[in-house]
file data_28.pdb (PDB, C-alpha atoms and all ligand atoms)
ATOM      1  CA  MET A   1      -4.727  26.356  12.355  1.00  0.00           C
ATOM      2  CA  SER A   2      -2.308  24.263  10.316  1.00  0.00           C
ATOM      3  CA  ILE A   3      -2.558  23.884   6.577  1.00  0.00           C
ATOM      4  CA  GLN A   4      -0.909  20.916   4.892  1.00  0.00           C
ATOM      5  CA  ASN A   5       0.071  21.072   1.231  1.00  0.00           C
ATOM      6  CA  ILE A   6      -0.586  17.698  -0.335  1.00  0.00           C
ATOM      7  CA  THR A   7      -0.452  16.529  -3.931  1.00  0.00           C
ATOM      8  CA  CYS A   8      -3.506  14.483  -4.809  1.00  0.00           C
ATOM      9  CA  ILE A   9      -2.392  11.125  -6.215  1.00  0.00           C
ATOM     10  CA  VAL A  10      -5.839   9.743  -6.983  1.00  0.00           C
ATOM     11  CA  CYS A  11      -5.542  10.571 -10.692  1.00  0.00           C
ATOM     12  CA  PRO A  12      -2.746  11.814 -12.982  1.00  0.00           C
ATOM     13  CA  ARG A  13      -3.913  15.422 -12.829  1.00  0.00           C
ATOM     14  CA  GLY A  14      -2.092  15.807  -9.500  1.00  0.00           C
ATOM     15  CA  CYS A  15      -4.047  18.714  -8.000  1.00  0.00           C
ATOM     16  CA  GLN A  16      -2.191  20.659  -5.303  1.00  0.00           C
ATOM     17  CA  LEU A  17      -4.364  20.489  -2.191  1.00  0.00           C
ATOM     18  CA  GLU A  18      -4.389  22.763   0.839  1.00  0.00           C
ATOM     19  CA  VAL A  19      -5.815  20.725   3.687  1.00  0.00           C
ATOM     20  CA  ASP A  20      -7.033  22.024   7.037  1.00  0.00           C
ATOM     21  CA  ALA A  21      -7.794  18.735   8.770  1.00  0.00           C
ATOM     22  CA  GLU A  22      -9.023  20.413  11.968  1.00  0.00           C
ATOM     23  CA  ARG A  23     -11.740  22.241  10.073  1.00  0.00           C
ATOM     24  CA  GLY A  24     -12.275  19.488   7.519  1.00  0.00           C
ATOM     25  CA  GLU A  25     -11.536  21.941   4.718  1.00  0.00           C
ATOM     26  CA  VAL A  26      -9.763  21.166   1.456  1.00  0.00           C
ATOM     27  CA  LYS A  27      -8.925  23.676  -1.268  1.00  0.00           C
ATOM     28  CA  GLY A  28      -7.401  23.104  -4.684  1.00  0.00           C
ATOM     29  CA  ASN A  29      -9.221  19.880  -5.490  1.00  0.00           C
ATOM     30  CA  SER A  30     -10.900  19.645  -8.869  1.00  0.00           C
ATOM     31  CA  CYS A  31     -13.254  16.870  -7.819  1.00  0.00           C
ATOM     32  CA  PRO A  32     -14.738  15.338  -4.636  1.00  0.00           C
ATOM     33  CA  ARG A  33     -12.202  12.495  -4.607  1.00  0.00           C
ATOM     34  CA  GLY A  34      -9.479  15.038  -3.900  1.00  0.00           C
ATOM     35  CA  ARG A  35     -11.223  16.224  -0.767  1.00  0.00           C
ATOM     36  CA  GLU A  36     -11.534  12.645   0.465  1.00  0.00           C
ATOM     37  CA  HIS A  37      -7.898  11.905  -0.345  1.00  0.00           C
ATOM     38  CA  GLY A  38      -6.633  15.130   1.222  1.00  0.00           C
ATOM     39  CA  LEU A  39      -8.411  14.588   4.517  1.00  0.00           C
ATOM     40  CA  ALA A  40      -7.331  10.923   4.678  1.00  0.00           C
ATOM     41  CA  GLU A  41      -3.732  11.821   3.829  1.00  0.00           C
ATOM     42  CA  ALA A  42      -3.650  14.526   6.495  1.00  0.00           C
ATOM     43  CA  THR A  43      -5.120  12.357   9.255  1.00  0.00           C
ATOM     44  CA  ASN A  44      -4.262   8.712   8.461  1.00  0.00           C
ATOM     45  CA  PRO A  45      -2.078   8.337   5.369  1.00  0.00           C
ATOM     46  CA  THR A  46      -2.116   4.860   3.838  1.00  0.00           C
ATOM     47  CA  ARG A  47      -0.355   3.155   0.962  1.00  0.00           C
ATOM     48  CA  THR A  48      -0.692  -0.047  -0.986  1.00  0.00           C
ATOM     49  CA  LEU A  49       2.663  -1.787  -0.640  1.00  0.00           C
ATOM     50  CA  THR A  50       4.021  -3.356  -3.834  1.00  0.00           C
ATOM     51  CA  THR A  51       6.968  -5.652  -3.334  1.00  0.00           C
ATOM     52  CA  THR A  52       8.448  -9.084  -4.025  1.00  0.00           C
ATOM     53  CA  VAL A  53       8.679 -12.274  -1.990  1.00  0.00           C
ATOM     54  CA  ARG A  54      11.413 -14.898  -2.202  1.00  0.00           C
ATOM     55  CA  VAL A  55      10.529 -18.111  -4.003  1.00  0.00           C
ATOM     56  CA  VAL A  56      12.584 -21.005  -2.611  1.00  0.00           C
ATOM     57  CA  ASP A  57      13.226 -24.598  -3.619  1.00  0.00           C
ATOM     58  CA  GLU A  58      13.090 -27.677  -1.387  1.00  0.00           C
ATOM     59  CA  SER A  59      16.502 -26.862   0.090  1.00  0.00           C
ATOM     60  CA  GLY A  60      15.416 -23.333   1.010  1.00  0.00           C
ATOM     61  CA  ALA A  61      17.584 -21.718  -1.662  1.00  0.00           C
ATOM     62  CA  THR A  62      16.136 -18.636  -3.347  1.00  0.00           C
ATOM     63  CA  ILE A  63      15.315 -19.427  -6.972  1.00  0.00           C
ATOM     64  CA  ASP A  64      13.243 -16.397  -7.914  1.00  0.00           C
ATOM     65  CA  MET A  65      11.304 -13.400  -6.650  1.00  0.00           C
ATOM     66  CA  ALA A  66       7.503 -13.364  -6.862  1.00  0.00           C
ATOM     67  CA  PRO A  67       5.719 -10.022  -7.234  1.00  0.00           C
ATOM     68  CA  ALA A  68       3.286  -9.298  -4.422  1.00  0.00           C
ATOM     69  CA  ARG A  69       1.285  -6.459  -2.910  1.00  0.00           C
ATOM     70  CA  THR A  70      -0.961  -5.721   0.001  1.00  0.00           C
ATOM     71  CA  SER A  71      -4.617  -6.483  -0.710  1.00  0.00           C
ATOM     72  CA  ALA A  72      -5.542  -2.975   0.486  1.00  0.00           C
ATOM     73  CA  PRO A  73      -3.705   0.140   1.654  1.00  0.00           C
ATOM     74  CA  ILE A  74      -2.017  -0.035   5.078  1.00  0.00           C
ATOM     75  CA  PRO A  75      -1.035   2.856   7.367  1.00  0.00           C
ATOM     76  CA  LYS A  76       2.073   4.583   6.031  1.00  0.00           C
ATOM     77  CA  GLY A  77       3.736   4.308   9.440  1.00  0.00           C
ATOM     78  CA  LEU A  78       3.687   0.507   9.169  1.00  0.00           C
ATOM     79  CA  LEU A  79       5.501   0.280   5.839  1.00  0.00           C
ATOM     80  CA  PHE A  80       8.945  -0.361   7.352  1.00  0.00           C
ATOM     81  CA  ASP A  81       7.697  -3.123   9.672  1.00  0.00           C
ATOM     82  CA  ALA A  82       5.635  -4.544   6.834  1.00  0.00           C
ATOM     83  CA  MET A  83       8.745  -4.847   4.661  1.00  0.00           C
ATOM     84  CA  LYS A  84      10.587  -6.578   7.514  1.00  0.00           C
ATOM     85  CA  ALA A  85       7.722  -9.074   7.840  1.00  0.00           C
ATOM     86  CA  ILE A  86       7.590  -9.656   4.083  1.00  0.00           C
ATOM     87  CA  ASN A  87      11.352 -10.101   3.829  1.00  0.00           C
ATOM     88  CA  SER A  88      11.215 -12.764   6.549  1.00  0.00           C
ATOM     89  CA  VAL A  89       8.923 -15.093   4.579  1.00  0.00           C
ATOM     90  CA  SER A  90       9.342 -17.161   1.446  1.00  0.00           C
ATOM     91  CA  VAL A  91       7.048 -19.221  -0.745  1.00  0.00           C
ATOM     92  CA  ARG A  92       7.382 -22.463  -2.690  1.00  0.00           C
ATOM     93  CA  LYS A  93       5.910 -23.118  -6.111  1.00  0.00           C
ATOM     94  CA  PRO A  94       3.174 -23.314  -7.161  1.00  0.00           C
ATOM     95  CA  VAL A  95       1.986 -19.834  -6.278  1.00  0.00           C
ATOM     96  CA  ARG A  96      -1.087 -18.478  -7.997  1.00  0.00           C
ATOM     97  CA  ARG A  97      -2.080 -14.867  -8.518  1.00  0.00           C
ATOM     98  CA  GLY A  98      -4.200 -13.807  -5.546  1.00  0.00           C
ATOM     99  CA  ASP A  99      -2.831 -16.458  -3.174  1.00  0.00           C
ATOM    100  CA  PRO A 100      -2.392 -15.051   0.328  1.00  0.00           C
ATOM    101  CA  ILE A 101       1.290 -15.016   1.284  1.00  0.00           C
ATOM    102  CA  ILE A 102       0.862 -13.313   4.663  1.00  0.00           C
ATOM    103  CA  PRO A 103      -2.711 -13.205   5.944  1.00  0.00           C
ATOM    104  CA  ASP A 104      -3.502 -10.346   8.352  1.00  0.00           C
ATOM    105  CA  LEU A 105      -0.191  -8.513   7.936  1.00  0.00           C
ATOM    106  CA  LEU A 106       0.796  -6.906  11.295  1.00  0.00           C
ATOM    107  CA  ASN A 107      -2.790  -7.326  12.550  1.00  0.00           C
ATOM    108  CA  THR A 108      -4.063  -4.857   9.964  1.00  0.00           C
ATOM    109  CA  GLY A 109      -6.642  -7.232   8.526  1.00  0.00           C
ATOM    110  CA  VAL A 110      -4.863  -6.774   5.182  1.00  0.00           C
ATOM    111  CA  SER A 111      -3.123  -9.655   3.427  1.00  0.00           C
ATOM    112  CA  VAL A 112      -0.024  -9.759   1.280  1.00  0.00           C
ATOM    113  CA  ILE A 113      -1.040 -11.494  -1.941  1.00  0.00           C
ATOM    114  CA  ALA A 114       0.814 -12.805  -4.991  1.00  0.00           C
ATOM    115  CA  THR A 115       0.233 -10.756  -8.115  1.00  0.00           C
ATOM    116  CA  ARG A 116       1.461 -13.312 -10.626  1.00  0.00           C
ATOM    117  CA  ASP A 117       1.380 -17.048 -11.159  1.00  0.00           C
ATOM    118  CA  PHE A 118       4.584 -18.914 -10.277  1.00  0.00           C
ATOM    119  CA  LEU A 119       3.960 -22.462 -11.418  1.00  0.00           C
TER     120      LEU A 119
HETATM  121  S1  LIG B   1      -8.627  16.294  -6.949  1.00  0.00           S
HETATM  122 FE1  LIG B   1      -9.711  14.997  -8.433  1.00  0.00          FE
HETATM  123  S2  LIG B   1      -8.984  15.755 -10.413  1.00  0.00           S
HETATM  124 FE2  LIG B   1      -7.521  16.517  -8.894  1.00  0.00          FE
HETATM  125  S3  LIG B   1      -5.882  14.946  -8.822  1.00  0.00           S
HETATM  126 FE3  LIG B   1      -7.392  14.442  -7.231  1.00  0.00          FE
HETATM  127  S4  LIG B   1      -8.767  12.976  -8.195  1.00  0.00           S
HETATM  128 FE4  LIG B   1      -7.655  14.011  -9.834  1.00  0.00          FE
END
call {"tool": "encode", "arguments": {"input": "data_28.pdb", "output": "structure tokens", "more": "lines below"}}
Ligand code: SF4
result
Amino acid sequence: MSIQNITCIVCPRGCQLEVDAERGEVKGNSCPRGREHGLAEATNPTRTLTTTVRVVDESGATIDMAPARTSAPIPKGLLFDAMKAINSVSVRKPVRRGDPIIPDLLNTGVSVIATRDFL
């Protein structure tokens, strides 16, 4: 039996969870969302990736950085490869909030989207 100690990050209260994924048991959570988070974190941790993407002009020169994020959490183990993929692309104006910058990032079914207008 292995117990994992995990801090719940679903809300600011930050409950300290003791998770036994094999048995599906979670202790220390103050609400049901903590149980769900603890089991997910112990078996398939995911994160929403918040980053920036280069904005380039016609010559390909970087003129700004556009804030972007994944449209949904992706597996934590893919974060490094995701950053490599994001760093390899650039966008040209106009970019609108919600525009897909990389559809289906690393075959996850999750897109990288712009989070601000760049007009
Ligand atoms: S278990 Fe519930 S109350 Fe505690 S940090 Fe998680 S979401 Fe917040």
call {"tool": "closest_residue", "arguments": {"input": "data_28.pdb", "among": "A:Gln16, A:Gln4, A:Ser30, A:Asn107", "to": "ligand LIG 1 (chain B)", "atoms": "all atoms listed in the file"}}
result
A:Ser30
call {"tool": "resolve_selection", "arguments": {"input": "data_28.pdb", "expression": "the PyMOL selection byres (((chain A and resi 76-89) around 8) and not hetatm)", "output": "list in words"}}
result
Asn44, Pro45, Thr46, Arg47, Leu49, Val53, Arg54, Ile74, Pro75, Ser90, Val91, Ile102, Leu105 and Leu106 of chain A
call {"tool": "residues_near_ligand", "arguments": {"input": "data_28.pdb", "ligand": "ligand LIG 1 (chain B)", "cutoff": "6 Å", "atoms": "all atoms listed in the file", "output": "PDB file with C-alpha atoms, in the frame of the given file"}}
result
ATOM      1  CA  CYS A   8      -3.506  14.483  -4.809  1.00  0.00           C
ATOM      2  CA  ILE A   9      -2.392  11.125  -6.215  1.00  0.00           C
ATOM      3  CA  VAL A  10      -5.839   9.743  -6.983  1.00  0.00           C
ATOM      4  CA  CYS A  11      -5.542  10.571 -10.692  1.00  0.00           C
ATOM      5  CA  ARG A  13      -3.913  15.422 -12.829  1.00  0.00           C
ATOM      6  CA  GLY A  14      -2.092  15.807  -9.500  1.00  0.00           C
ATOM      7  CA  CYS A  15      -4.047  18.714  -8.000  1.00  0.00           C
ATOM      8  CA  ASN A  29      -9.221  19.880  -5.490  1.00  0.00           C
ATOM      9  CA  SER A  30     -10.900  19.645  -8.869  1.00  0.00           C
ATOM     10  CA  CYS A  31     -13.254  16.870  -7.819  1.00  0.00           C
ATOM     11  CA  ARG A  33     -12.202  12.495  -4.607  1.00  0.00           C
ATOM     12  CA  GLY A  34      -9.479  15.038  -3.900  1.00  0.00           C
TER      13      GLY A  34
END
call {"tool": "atom_distance", "arguments": {"input": "data_28.pdb", "atom1": "atom CA of A:Ile63", "atom2": "atom CA of A:Ser111"}}
result
23.3 Å
call {"tool": "residues_around", "arguments": {"input": "data_28.pdb", "residues": "A:Glu25", "least_positions_apart": "2", "cutoff": "10 Å", "atoms": "all atoms listed in the file", "output": "list of chain:residue names"}}
result
A:Ile3, A:Glu18, A:Val19, A:Asp20, A:Ala21, A:Glu22, A:Arg23, A:Lys27, A:Arg35, A:Gly38, A:Leu39
call {"tool": "atom_distance", "arguments": {"input": "data_28.pdb", "atom1": "atom CA of A:Phe118", "atom2": "atom CA of A:Pro103"}}
result
18.7 Å
call {"tool": "atom_distance", "arguments": {"input": "data_28.pdb", "atom1": "atom CA of A:Thr115", "atom2": "atom CA of A:Arg69"}}
result
6.8 Å
call {"tool": "closest_residue", "arguments": {"input": "data_28.pdb", "among": "A:Val112, A:Val95, A:Ala61, A:Val55", "to": "A:Pro73", "atoms": "only C-alpha atoms"}}
result
A:Val112
call {"tool": "resolve_selection", "arguments": {"input": "data_28.pdb", "expression": "the PyMOL selection byres (((chain A and resi 50) around 9) and not hetatm)", "output": "number ranges by chain"}}
result
A: 48-49, 51-52, 67-70
call {"tool": "resolve_selection", "arguments": {"input": "data_28.pdb", "expression": "the PyMOL selection byres (((chain A and resi 97) around 7) and not hetatm)", "output": "list of chain:residue names"}}
result
A:Val95, A:Arg96, A:Gly98, A:Asp99, A:Ala114, A:Thr115, A:Arg116, A:Asp117
call {"tool": "write_last_selection", "arguments": {"input": "data_28.pdb", "atoms": "C-alpha atoms", "output": "PDB file, keeping the file's coordinate frame"}}
result
ATOM      1  CA  VAL A  95       1.986 -19.834  -6.278  1.00  0.00           C
ATOM      2  CA  ARG A  96      -1.087 -18.478  -7.997  1.00  0.00           C
ATOM      3  CA  GLY A  98      -4.200 -13.807  -5.546  1.00  0.00           C
ATOM      4  CA  ASP A  99      -2.831 -16.458  -3.174  1.00  0.00           C
ATOM      5  CA  ALA A 114       0.814 -12.805  -4.991  1.00  0.00           C
ATOM      6  CA  THR A 115       0.233 -10.756  -8.115  1.00  0.00           C
ATOM      7  CA  ARG A 116       1.461 -13.312 -10.626  1.00  0.00           C
ATOM      8  CA  ASP A 117       1.380 -17.048 -11.159  1.00  0.00           C
TER       9      ASP A 117
END
